[in-house]
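Taking it in order: structure first as structure tokens, then the write-up.
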Amino acid sequence: MSRLNSNLLSILKKYSILFILIGLVLVISVLSGGVFLRITNLLNVLRQISVIGIISLGVTMVIITAGIDLSSGAIVAIVSVVVATLLQSPTAADRLFKGGQPWPVLPVLLIGLAIGAFGGFLNGGLIAKFKIPPFVATLGMMTFARGWAFIYSEGRPRGSLIPQFEVIGQGNFLSIPNPAWILILCVIITHIILKHTLWGRYTYALGSNMQAAIVSGINTNRYIVLVYTYAGFLSAVASIVLTARIGSGQPGLGMSYELDAIAASVIGGTSLSGGIGSAGGALIGALIIGVMKNGLDILNVSADFQQVMRAIIIVVAVIIDVRKNIKKS
Amino acid sequence: MSQYVLEMIGIHKHFPGVHALKGVDLRVKPATVHGIMGENGAGKSTLMKVAIGLYKADAGTIRFKGEEVSFNTIHEALERGISMIHQELSPLPYMTVAQNIFLGREILNRWGLIDHKAIDREAAKILEELKINIPPTRIMGELSVAQMQLVEIAEAVSRNAELVIMDEPTSALTEKEVEHLFEIIRNLKARGVAVVYISHKMDEIFKITDEVSVYRDGELIDCRKTSELNRETLIKMMVGRSIDQFFQKSNAHIGEPVLEVEGLSRRGIFRDISFTLRRGEILGFAGLVGAGRTEVMETLFGIYPKEKGTIRIKGKEVDIRSPYDAIRNGMAFLTEDRKRSGLYLNLSVRDNIAIASLKEHLKGFLINHARIRSICEQAVATLSIKTPNLDQQVMFLSGGNQQKVLVSRWLATSPDILILDEPTRGIDVGAKAEIYKLMSTLAQEGKAIILVSSEMPEILAMSDRIVVMHEGEKIGELTREEATPEKVLHMATGEPLETFQVAH
């Protein structure tokens, strides 16, 4: 009997986050009188969470290495202004490069992704090679990238983007918003990396015990650089989605997104002490934040009060995480 | 007033999936040293944690000095007079000895500020009473593990503890330090303090304890006067069967040299180490703590760069710059400190076993999970690792089983050369015997094994040859036939073998 109970308990514990999400959905559905469950609203939630969701996947991998990434939001900004500037239609009033034609979309996307990945690569290099604490290295990158976003855009938003680009953020495929598809794709890819490649397994190992990972023959520096590069890359993906959705590149974009992404990751069960976390968890974490925001919007709760609610959820999630770890040791 | 200082009766404790304590008793008389023995997983540590309030018992009674108690925190236990010296010490390294002793109970002057002079004075008094020769103003981080332990004992005394629990206090101590510790323990006893002494080491149990309680599988087997016991009965009580052949060393065919090391040096750590290791051979490395044996192995394995010297594997010179290179060249290294450089505590048994051999099992970019699973299942079966399943986090396993997990990790890389650094430290008798048997079998299969050990009986019984080191230098080599404990000790203090023959 006690064995059955303890098994049940461990299942509940393992999927506790999922149950919380389901509970949240039920409560909000009832309180909103069903408005929340309308298809258009649900698709809206997906669109809303896609950006934070994509970023939180990379952040989750970083946190699994027992690191942190504060530069995601700033990378969103720099990628956003570069991509938008190169894709402005010739008639745009705020064009930075007068007289020229917009670039073709694909090379611009590659440039944007490369900038994000390079930012992450610099983070990883500073952390792995120069042993700078992740908090400091990525804090530096945060200010650095944000600064460049303002320099490059001369501090002004860049609007009137060509429609072939905007469709990435505004279009649908099989009546599901494109950003949601991109999020799902990123979740699947990240899941495969984490569970099915050397890179992923080594990421867990070095986050769980760096010294042991070195003795196990893992080139820890290489994989740390790879993880941060991937996180930068995903920030760029998120930036492209966001820029296309709002139809303009802004140097102030993505402010404090890194914190939302960390929150999603932690709510999704990623342990800040390293070695524990998953792509699915990050997705659920982002969903919890998104569902709550959407629900509170429907219920006309003020944005200020929403912030307070979110803070409570984050703290509760961390308490659950810490308590889990105490029981284990 | 009861005749016992601590009485624990019918203690039950459940963890998810485990019934760790099944109605266990412990009765400790005042001013005695009470030994606690049992294999890992027998419930010793759990019982102690219940005693000091770290865990709450599911059922049972605890009486301290005849009065029923139920501590909710370690702090409450401390207040009442129970102190525990932990396996892993946790002092504040940047504070002084005196500050550590009075941590949380600082003496204040009349302004309500900390009176450092008074703290130093009181600490000095306690240290002197216990004949512990450490200045109270020393910085904690500069002390050796042994000295830190003594400081913790001083702290317990300063709290007027009437019961001090010591969990494997000697696992990191040299023989001389152990002697000193025993002196302090006798000192405590003379002051009327009862000591609960948990250890795997028989010699120590016979030397220091008055009574012994033996536990197995969460049950008390017996509590006896130490004077009524001998080694055999004690082992029998612990494992429930007698071990006729504790050290199982069967003859292996010793073949050609596999590893040849010449003039290996690392500045300031060790100098000019040369030796040869052959197929099927077990080469022991003896020496005192700090002799540089572990450092030699870490350098061989590429964890630290060598300064000078050549390494040949199967006759071919190799350049090992990282553990990756070492593993590729057929080496495996079971490190001395399981928790620090071995285990991934919050990862599964499967991850822990597979990590070093993952890249052998890829399908394209993807890991072949089915194959990993079968390798792990096989490892769990061959080494009889006790775990409910492969997904269990390795932190829930007992020390012996954790060690077997690490051994499996290295065997999965199919190495030719196995470096085992203190492979039986902190594991129980049963698991020890299994490790010895495994070493023997591996040697017979043609593996070459380096055994670094500080346990004399182990190194004498298992090695074909013994290299003795002292302060970073190789003093000499002994064959299995010529090695005696006296000779090894003699050389371990830095004297060459020749002077031994002259002196005796």
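Ligands are numbered from 1 in the order shown, residues from 1 within each chain, and chains are lettered A, B, ... in the order they appear in the structure tokens.
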Please, which residues of chain A lie no more than 6 Å from chain B when the count uses only C-alpha atoms, and can they be set out as a PyMOL selection string?
chain A and resi 3+6+196-197+208-209+211-212+215-217
Long-range neighbours of B:Leu300 as an MDAnalysis selection string, 12 Å cut-off, only C-alpha atoms, 2 positions minimum in chain:
(chainID A and resid 215) or (chainID B and resid 259:266 273:275 293:298 302:313 318:327 329 331:333 417:419 450)
What would the file look like if the residues just selected were written as a compact mmCIF listing (two decimals), in the first residue's frame with N, CA and C atoms?
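See again-v2.txt below for the written result:
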# COMPACT_ATOMS: atom_id res chain seq x y z
N VAL A 215 36.85 14.20 -16.08
CA VAL A 215 37.45 12.87 -15.91
C VAL A 215 36.80 11.85 -16.86
N LEU B 259 51.97 -0.55 -20.04
CA LEU B 259 52.19 0.87 -19.75
C LEU B 259 53.60 1.05 -19.20
N GLU B 260 54.38 1.90 -19.87
CA GLU B 260 55.73 2.18 -19.38
C GLU B 260 55.85 3.68 -19.15
N VAL B 261 56.15 4.02 -17.92
CA VAL B 261 56.26 5.43 -17.55
C VAL B 261 57.70 5.70 -17.19
N GLU B 262 58.25 6.79 -17.74
CA GLU B 262 59.65 7.08 -17.49
C GLU B 262 59.84 8.54 -17.14
N GLY B 263 60.40 8.78 -15.96
CA GLY B 263 60.79 10.13 -15.56
C GLY B 263 59.66 11.12 -15.52
N LEU B 264 58.48 10.67 -15.16
CA LEU B 264 57.32 11.57 -15.12
C LEU B 264 57.46 12.56 -13.97
N SER B 265 57.29 13.85 -14.28
CA SER B 265 57.44 14.89 -13.26
C SER B 265 56.39 15.97 -13.42
N ARG B 266 56.04 16.55 -12.30
CA ARG B 266 55.22 17.77 -12.32
C ARG B 266 55.79 18.67 -11.23
N ILE B 273 59.14 9.91 -11.75
CA ILE B 273 58.47 8.64 -11.44
C ILE B 273 58.56 7.72 -12.66
N SER B 274 59.11 6.54 -12.46
CA SER B 274 59.20 5.54 -13.53
C SER B 274 58.65 4.22 -13.03
N PHE B 275 57.89 3.56 -13.88
CA PHE B 275 57.45 2.19 -13.55
C PHE B 275 56.89 1.54 -14.79
N ARG B 293 50.66 10.08 -4.89
CA ARG B 293 50.24 8.96 -5.74
C ARG B 293 49.06 9.37 -6.63
N THR B 294 48.05 9.99 -6.00
CA THR B 294 46.89 10.43 -6.77
C THR B 294 47.30 11.40 -7.87
N GLU B 295 48.21 12.29 -7.53
CA GLU B 295 48.66 13.30 -8.50
C GLU B 295 49.35 12.65 -9.69
N VAL B 296 50.15 11.61 -9.44
CA VAL B 296 50.78 10.89 -10.55
C VAL B 296 49.71 10.33 -11.48
N MET B 297 48.68 9.73 -10.87
CA MET B 297 47.63 9.11 -11.68
C MET B 297 46.85 10.17 -12.46
N GLU B 298 46.57 11.29 -11.82
CA GLU B 298 45.83 12.36 -12.50
C GLU B 298 46.63 12.88 -13.69
N GLY B 302 45.93 12.62 -17.88
CA GLY B 302 45.75 13.84 -18.66
C GLY B 302 44.89 14.91 -18.01
N ILE B 303 44.57 14.73 -16.72
CA ILE B 303 43.77 15.76 -16.04
C ILE B 303 44.64 16.99 -15.80
N TYR B 304 45.91 16.75 -15.46
CA TYR B 304 46.86 17.84 -15.32
C TYR B 304 48.01 17.60 -16.30
N PRO B 305 48.60 18.67 -16.82
CA PRO B 305 49.68 18.47 -17.78
C PRO B 305 50.95 18.00 -17.08
N LYS B 306 51.70 17.11 -17.75
CA LYS B 306 52.98 16.70 -17.18
C LYS B 306 54.03 17.72 -17.57
N GLU B 307 55.08 17.76 -16.77
CA GLU B 307 56.14 18.71 -17.07
C GLU B 307 57.23 18.00 -17.86
N LYS B 308 57.55 16.79 -17.45
CA LYS B 308 58.58 16.00 -18.11
C LYS B 308 58.16 14.54 -18.10
N GLY B 309 58.85 13.75 -18.91
CA GLY B 309 58.64 12.32 -18.85
C GLY B 309 57.95 11.76 -20.07
N THR B 310 58.12 10.46 -20.30
CA THR B 310 57.47 9.82 -21.43
C THR B 310 56.53 8.73 -20.93
N ILE B 311 55.48 8.54 -21.70
CA ILE B 311 54.52 7.48 -21.39
C ILE B 311 54.41 6.62 -22.64
N ARG B 312 54.62 5.31 -22.50
CA ARG B 312 54.44 4.39 -23.62
C ARG B 312 53.32 3.42 -23.30
N ILE B 313 52.43 3.27 -24.25
CA ILE B 313 51.36 2.29 -24.09
C ILE B 313 51.52 1.25 -25.18
N VAL B 318 52.94 7.77 -26.32
CA VAL B 318 51.67 8.48 -26.50
C VAL B 318 51.76 9.86 -25.88
N ASP B 319 50.96 10.77 -26.44
CA ASP B 319 50.91 12.12 -25.91
C ASP B 319 49.52 12.33 -25.34
N ILE B 320 49.41 12.26 -24.03
CA ILE B 320 48.10 12.36 -23.40
C ILE B 320 47.92 13.75 -22.82
N ARG B 321 47.02 14.50 -23.43
CA ARG B 321 46.80 15.88 -22.98
C ARG B 321 45.47 16.07 -22.28
N SER B 322 44.62 15.09 -22.33
CA SER B 322 43.31 15.22 -21.69
C SER B 322 42.80 13.82 -21.37
N PRO B 323 41.82 13.73 -20.46
CA PRO B 323 41.22 12.42 -20.19
C PRO B 323 40.68 11.78 -21.46
N TYR B 324 40.24 12.61 -22.40
CA TYR B 324 39.74 12.09 -23.66
C TYR B 324 40.82 11.26 -24.35
N ASP B 325 42.06 11.84 -24.41
CA ASP B 325 43.18 11.11 -25.01
C ASP B 325 43.44 9.81 -24.25
N ALA B 326 43.38 9.91 -22.92
CA ALA B 326 43.69 8.74 -22.09
C ALA B 326 42.69 7.62 -22.35
N ILE B 327 41.41 7.99 -22.42
CA ILE B 327 40.38 6.98 -22.65
C ILE B 327 40.56 6.36 -24.03
N ASN B 329 43.24 5.90 -25.50
CA ASN B 329 44.37 5.00 -25.46
C ASN B 329 44.14 3.81 -24.52
N MET B 331 42.77 3.74 -21.39
CA MET B 331 42.91 3.89 -19.94
C MET B 331 41.57 4.21 -19.30
N ALA B 332 41.46 3.85 -18.02
CA ALA B 332 40.28 4.19 -17.24
C ALA B 332 40.75 4.59 -15.86
N PHE B 333 40.06 5.52 -15.23
CA PHE B 333 40.52 6.07 -13.96
C PHE B 333 39.36 6.21 -12.98
N ILE B 417 43.94 -0.61 -19.41
CA ILE B 417 44.62 -0.19 -18.18
C ILE B 417 43.59 0.45 -17.26
N LEU B 418 43.48 -0.11 -16.06
CA LEU B 418 42.53 0.44 -15.09
C LEU B 418 43.29 1.04 -13.93
N ILE B 419 43.09 2.32 -13.68
CA ILE B 419 43.70 2.93 -12.50
C ILE B 419 42.61 3.05 -11.44
N ILE B 450 46.28 -0.64 -11.90
CA ILE B 450 47.04 0.09 -10.89
C ILE B 450 46.12 0.30 -9.70
With distances taken over only C-alpha atoms, which of B:Asp58, B:Asp416, B:Glu422, B:Glu142 is nearest to B:Glu336?
B:Glu422
Expressed in Å, the length from atom CA of A:Val62 to atom CA of A:Met292 is 25.2 Å
Would you mind writing down, as a PDB file with C-alpha atoms, in the first residue's frame, each residue of stretch 305-412 of chain B that DSSP on the backbone assigns to alpha helix (DSSP H)?
ATOM      1  CA  PRO B 323      41.223  12.422 -20.185  1.00  0.00           C
ATOM      2  CA  TYR B 324      39.743  12.085 -23.661  1.00  0.00           C
ATOM      3  CA  ASP B 325      43.179  11.107 -25.006  1.00  0.00           C
ATOM      4  CA  ALA B 326      43.688   8.744 -22.089  1.00  0.00           C
ATOM      5  CA  ILE B 327      40.378   6.981 -22.653  1.00  0.00           C
ATOM      6  CA  ARG B 328      41.112   6.685 -26.367  1.00  0.00           C
ATOM      7  CA  ARG B 338      33.466   9.556  -5.666  1.00  0.00           C
ATOM      8  CA  LYS B 339      31.321  12.594  -5.042  1.00  0.00           C
ATOM      9  CA  ARG B 340      33.710  15.264  -6.253  1.00  0.00           C
ATOM     10  CA  SER B 341      35.095  13.787  -9.435  1.00  0.00           C
ATOM     11  CA  VAL B 349      22.130   5.259 -12.885  1.00  0.00           C
ATOM     12  CA  ARG B 350      21.936   4.830 -16.660  1.00  0.00           C
ATOM     13  CA  ASP B 351      23.539   8.194 -17.413  1.00  0.00           C
ATOM     14  CA  ASN B 352      26.212   7.567 -14.830  1.00  0.00           C
ATOM     15  CA  ILE B 353      27.171   4.223 -16.321  1.00  0.00           C
ATOM     16  CA  ALA B 354      26.988   5.239 -19.973  1.00  0.00           C
ATOM     17  CA  HIS B 369      19.365   4.106 -26.431  1.00  0.00           C
ATOM     18  CA  ALA B 370      18.413   0.459 -26.809  1.00  0.00           C
ATOM     19  CA  ARG B 371      22.047  -0.595 -26.824  1.00  0.00           C
ATOM     20  CA  ILE B 372      22.902   1.684 -23.894  1.00  0.00           C
ATOM     21  CA  ARG B 373      19.996   0.205 -21.999  1.00  0.00           C
ATOM     22  CA  SER B 374      21.152  -3.355 -22.525  1.00  0.00           C
ATOM     23  CA  ILE B 375      24.728  -2.470 -21.560  1.00  0.00           C
ATOM     24  CA  CYS B 376      23.498  -0.859 -18.355  1.00  0.00           C
ATOM     25  CA  GLU B 377      21.183  -3.743 -17.539  1.00  0.00           C
ATOM     26  CA  GLN B 378      24.043  -6.131 -18.003  1.00  0.00           C
ATOM     27  CA  ALA B 379      26.307  -4.041 -15.767  1.00  0.00           C
ATOM     28  CA  VAL B 380      23.674  -3.911 -13.037  1.00  0.00           C
ATOM     29  CA  ALA B 381      23.322  -7.677 -13.231  1.00  0.00           C
ATOM     30  CA  THR B 382      27.047  -8.578 -13.339  1.00  0.00           C
ATOM     31  CA  GLY B 399      28.200   4.100  -1.223  1.00  0.00           C
ATOM     32  CA  GLY B 400      29.073   0.576  -2.305  1.00  0.00           C
ATOM     33  CA  ASN B 401      26.517   0.590  -5.092  1.00  0.00           C
ATOM     34  CA  GLN B 402      27.630   4.024  -6.234  1.00  0.00           C
ATOM     35  CA  GLN B 403      31.165   2.704  -6.462  1.00  0.00           C
ATOM     36  CA  LYS B 404      29.950  -0.233  -8.538  1.00  0.00           C
ATOM     37  CA  VAL B 405      28.190   2.200 -10.861  1.00  0.00           C
ATOM     38  CA  LEU B 406      31.502   3.994 -11.390  1.00  0.00           C
ATOM     39  CA  VAL B 407      33.334   0.725 -11.982  1.00  0.00           C
ATOM     40  CA  SER B 408      30.680  -0.167 -14.563  1.00  0.00           C
ATOM     41  CA  ARG B 409      31.184   3.178 -16.255  1.00  0.00           C
ATOM     42  CA  TRP B 410      34.832   2.399 -16.828  1.00  0.00           C
ATOM     43  CA  LEU B 411      34.359  -1.232 -17.757  1.00  0.00           C
TER      44      LEU B 411
END
Residues of stretch 293-468 of chain B in strand (DSSP E or B) according to DSSP, as a PDB file with N, CA and C atoms, in the first residue's frame?
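Dumped to states_14.pdb:
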ATOM      1  N   LYS B 308      57.549  16.788 -17.448  1.00  0.00           N
ATOM      2  CA  LYS B 308      58.584  15.995 -18.107  1.00  0.00           C
ATOM      3  C   LYS B 308      58.163  14.542 -18.099  1.00  0.00           C
ATOM      4  N   GLY B 309      58.850  13.753 -18.912  1.00  0.00           N
ATOM      5  CA  GLY B 309      58.643  12.321 -18.846  1.00  0.00           C
ATOM      6  C   GLY B 309      57.952  11.763 -20.071  1.00  0.00           C
ATOM      7  N   THR B 310      58.120  10.460 -20.295  1.00  0.00           N
ATOM      8  CA  THR B 310      57.474   9.825 -21.432  1.00  0.00           C
ATOM      9  C   THR B 310      56.530   8.730 -20.932  1.00  0.00           C
ATOM     10  N   ILE B 311      55.479   8.536 -21.695  1.00  0.00           N
ATOM     11  CA  ILE B 311      54.519   7.482 -21.395  1.00  0.00           C
ATOM     12  C   ILE B 311      54.406   6.615 -22.637  1.00  0.00           C
ATOM     13  N   ARG B 312      54.624   5.310 -22.499  1.00  0.00           N
ATOM     14  CA  ARG B 312      54.437   4.392 -23.624  1.00  0.00           C
ATOM     15  C   ARG B 312      53.319   3.418 -23.301  1.00  0.00           C
ATOM     16  N   ILE B 313      52.427   3.268 -24.252  1.00  0.00           N
ATOM     17  CA  ILE B 313      51.356   2.295 -24.094  1.00  0.00           C
ATOM     18  C   ILE B 313      51.522   1.250 -25.177  1.00  0.00           C
ATOM     19  N   LYS B 316      54.273   1.942 -27.645  1.00  0.00           N
ATOM     20  CA  LYS B 316      54.222   3.129 -28.483  1.00  0.00           C
ATOM     21  C   LYS B 316      54.114   4.379 -27.609  1.00  0.00           C
ATOM     22  N   GLU B 317      54.962   5.356 -27.900  1.00  0.00           N
ATOM     23  CA  GLU B 317      54.894   6.571 -27.092  1.00  0.00           C
ATOM     24  C   GLU B 317      53.592   7.317 -27.379  1.00  0.00           C
ATOM     25  N   VAL B 318      52.939   7.775 -26.317  1.00  0.00           N
ATOM     26  CA  VAL B 318      51.673   8.484 -26.503  1.00  0.00           C
ATOM     27  C   VAL B 318      51.759   9.862 -25.877  1.00  0.00           C
ATOM     28  N   MET B 331      42.769   3.744 -21.388  1.00  0.00           N
ATOM     29  CA  MET B 331      42.912   3.895 -19.941  1.00  0.00           C
ATOM     30  C   MET B 331      41.571   4.213 -19.296  1.00  0.00           C
ATOM     31  N   ALA B 332      41.462   3.846 -18.021  1.00  0.00           N
ATOM     32  CA  ALA B 332      40.281   4.190 -17.237  1.00  0.00           C
ATOM     33  C   ALA B 332      40.749   4.587 -15.860  1.00  0.00           C
ATOM     34  N   PHE B 333      40.056   5.519 -15.230  1.00  0.00           N
ATOM     35  CA  PHE B 333      40.521   6.072 -13.961  1.00  0.00           C
ATOM     36  C   PHE B 333      39.362   6.209 -12.978  1.00  0.00           C
ATOM     37  N   LEU B 334      39.330   5.302 -12.022  1.00  0.00           N
ATOM     38  CA  LEU B 334      38.338   5.388 -10.952  1.00  0.00           C
ATOM     39  C   LEU B 334      38.914   6.304  -9.887  1.00  0.00           C
ATOM     40  N   SER B 348      20.693   9.874 -13.595  1.00  0.00           N
ATOM     41  CA  SER B 348      20.248   8.502 -13.373  1.00  0.00           C
ATOM     42  C   SER B 348      21.419   7.529 -13.357  1.00  0.00           C
ATOM     43  N   LEU B 362      26.632   5.235 -31.196  1.00  0.00           N
ATOM     44  CA  LEU B 362      25.857   6.216 -31.943  1.00  0.00           C
ATOM     45  C   LEU B 362      25.307   5.583 -33.214  1.00  0.00           C
ATOM     46  N   LYS B 363      24.107   6.056 -33.575  1.00  0.00           N
ATOM     47  CA  LYS B 363      23.582   5.759 -34.911  1.00  0.00           C
ATOM     48  C   LYS B 363      23.539   7.091 -35.621  1.00  0.00           C
ATOM     49  N   LEU B 366      22.670  10.261 -33.500  1.00  0.00           N
ATOM     50  CA  LEU B 366      21.792   9.943 -32.378  1.00  0.00           C
ATOM     51  C   LEU B 366      22.326   8.785 -31.535  1.00  0.00           C
ATOM     52  N   ILE B 367      22.020   8.853 -30.263  1.00  0.00           N
ATOM     53  CA  ILE B 367      22.461   7.822 -29.333  1.00  0.00           C
ATOM     54  C   ILE B 367      21.569   6.599 -29.475  1.00  0.00           C
ATOM     55  N   GLN B 393      17.929   8.083  -9.585  1.00  0.00           N
ATOM     56  CA  GLN B 393      19.058   8.999  -9.460  1.00  0.00           C
ATOM     57  C   GLN B 393      20.112   8.358  -8.572  1.00  0.00           C
ATOM     58  N   ILE B 417      43.943  -0.611 -19.407  1.00  0.00           N
ATOM     59  CA  ILE B 417      44.620  -0.190 -18.182  1.00  0.00           C
ATOM     60  C   ILE B 417      43.594   0.450 -17.265  1.00  0.00           C
ATOM     61  N   LEU B 418      43.476  -0.108 -16.059  1.00  0.00           N
ATOM     62  CA  LEU B 418      42.529   0.443 -15.091  1.00  0.00           C
ATOM     63  C   LEU B 418      43.295   1.039 -13.927  1.00  0.00           C
ATOM     64  N   ILE B 419      43.088   2.315 -13.679  1.00  0.00           N
ATOM     65  CA  ILE B 419      43.697   2.931 -12.503  1.00  0.00           C
ATOM     66  C   ILE B 419      42.610   3.046 -11.444  1.00  0.00           C
ATOM     67  N   LEU B 420      42.799   2.366 -10.318  1.00  0.00           N
ATOM     68  CA  LEU B 420      41.805   2.395  -9.256  1.00  0.00           C
ATOM     69  C   LEU B 420      42.410   3.121  -8.063  1.00  0.00           C
ATOM     70  N   ASP B 421      41.878   4.297  -7.764  1.00  0.00           N
ATOM     71  CA  ASP B 421      42.410   5.103  -6.673  1.00  0.00           C
ATOM     72  C   ASP B 421      41.492   4.939  -5.466  1.00  0.00           C
ATOM     73  N   ALA B 448      45.414  -4.676 -17.196  1.00  0.00           N
ATOM     74  CA  ALA B 448      46.482  -4.245 -16.308  1.00  0.00           C
ATOM     75  C   ALA B 448      45.888  -3.255 -15.322  1.00  0.00           C
ATOM     76  N   ILE B 449      46.187  -3.442 -14.034  1.00  0.00           N
ATOM     77  CA  ILE B 449      45.512  -2.643 -13.006  1.00  0.00           C
ATOM     78  C   ILE B 449      46.513  -1.927 -12.107  1.00  0.00           C
ATOM     79  N   ILE B 450      46.283  -0.639 -11.898  1.00  0.00           N
ATOM     80  CA  ILE B 450      47.039   0.093 -10.888  1.00  0.00           C
ATOM     81  C   ILE B 450      46.117   0.300  -9.702  1.00  0.00           C
ATOM     82  N   LEU B 451      46.593  -0.113  -8.515  1.00  0.00           N
ATOM     83  CA  LEU B 451      45.787   0.032  -7.311  1.00  0.00           C
ATOM     84  C   LEU B 451      46.470   1.008  -6.365  1.00  0.00           C
ATOM     85  N   VAL B 452      45.879   2.185  -6.229  1.00  0.00           N
ATOM     86  CA  VAL B 452      46.392   3.141  -5.253  1.00  0.00           C
ATOM     87  C   VAL B 452      45.572   2.938  -3.992  1.00  0.00           C
ATOM     88  N   ARG B 465      52.969  -6.440  -7.417  1.00  0.00           N
ATOM     89  CA  ARG B 465      54.145  -5.641  -7.095  1.00  0.00           C
ATOM     90  C   ARG B 465      53.663  -4.374  -6.430  1.00  0.00           C
ATOM     91  N   ILE B 466      54.522  -3.766  -5.603  1.00  0.00           N
ATOM     92  CA  ILE B 466      54.114  -2.550  -4.919  1.00  0.00           C
ATOM     93  C   ILE B 466      55.151  -1.457  -5.130  1.00  0.00           C
ATOM     94  N   VAL B 467      54.712  -0.318  -5.632  1.00  0.00           N
ATOM     95  CA  VAL B 467      55.564   0.861  -5.718  1.00  0.00           C
ATOM     96  C   VAL B 467      55.278   1.689  -4.473  1.00  0.00           C
ATOM     97  N   VAL B 468      56.353   2.094  -3.762  1.00  0.00           N
ATOM     98  CA  VAL B 468      56.142   2.906  -2.566  1.00  0.00           C
ATOM     99  C   VAL B 468      56.619   4.327  -2.833  1.00  0.00           C
TER     100      VAL B 468
END
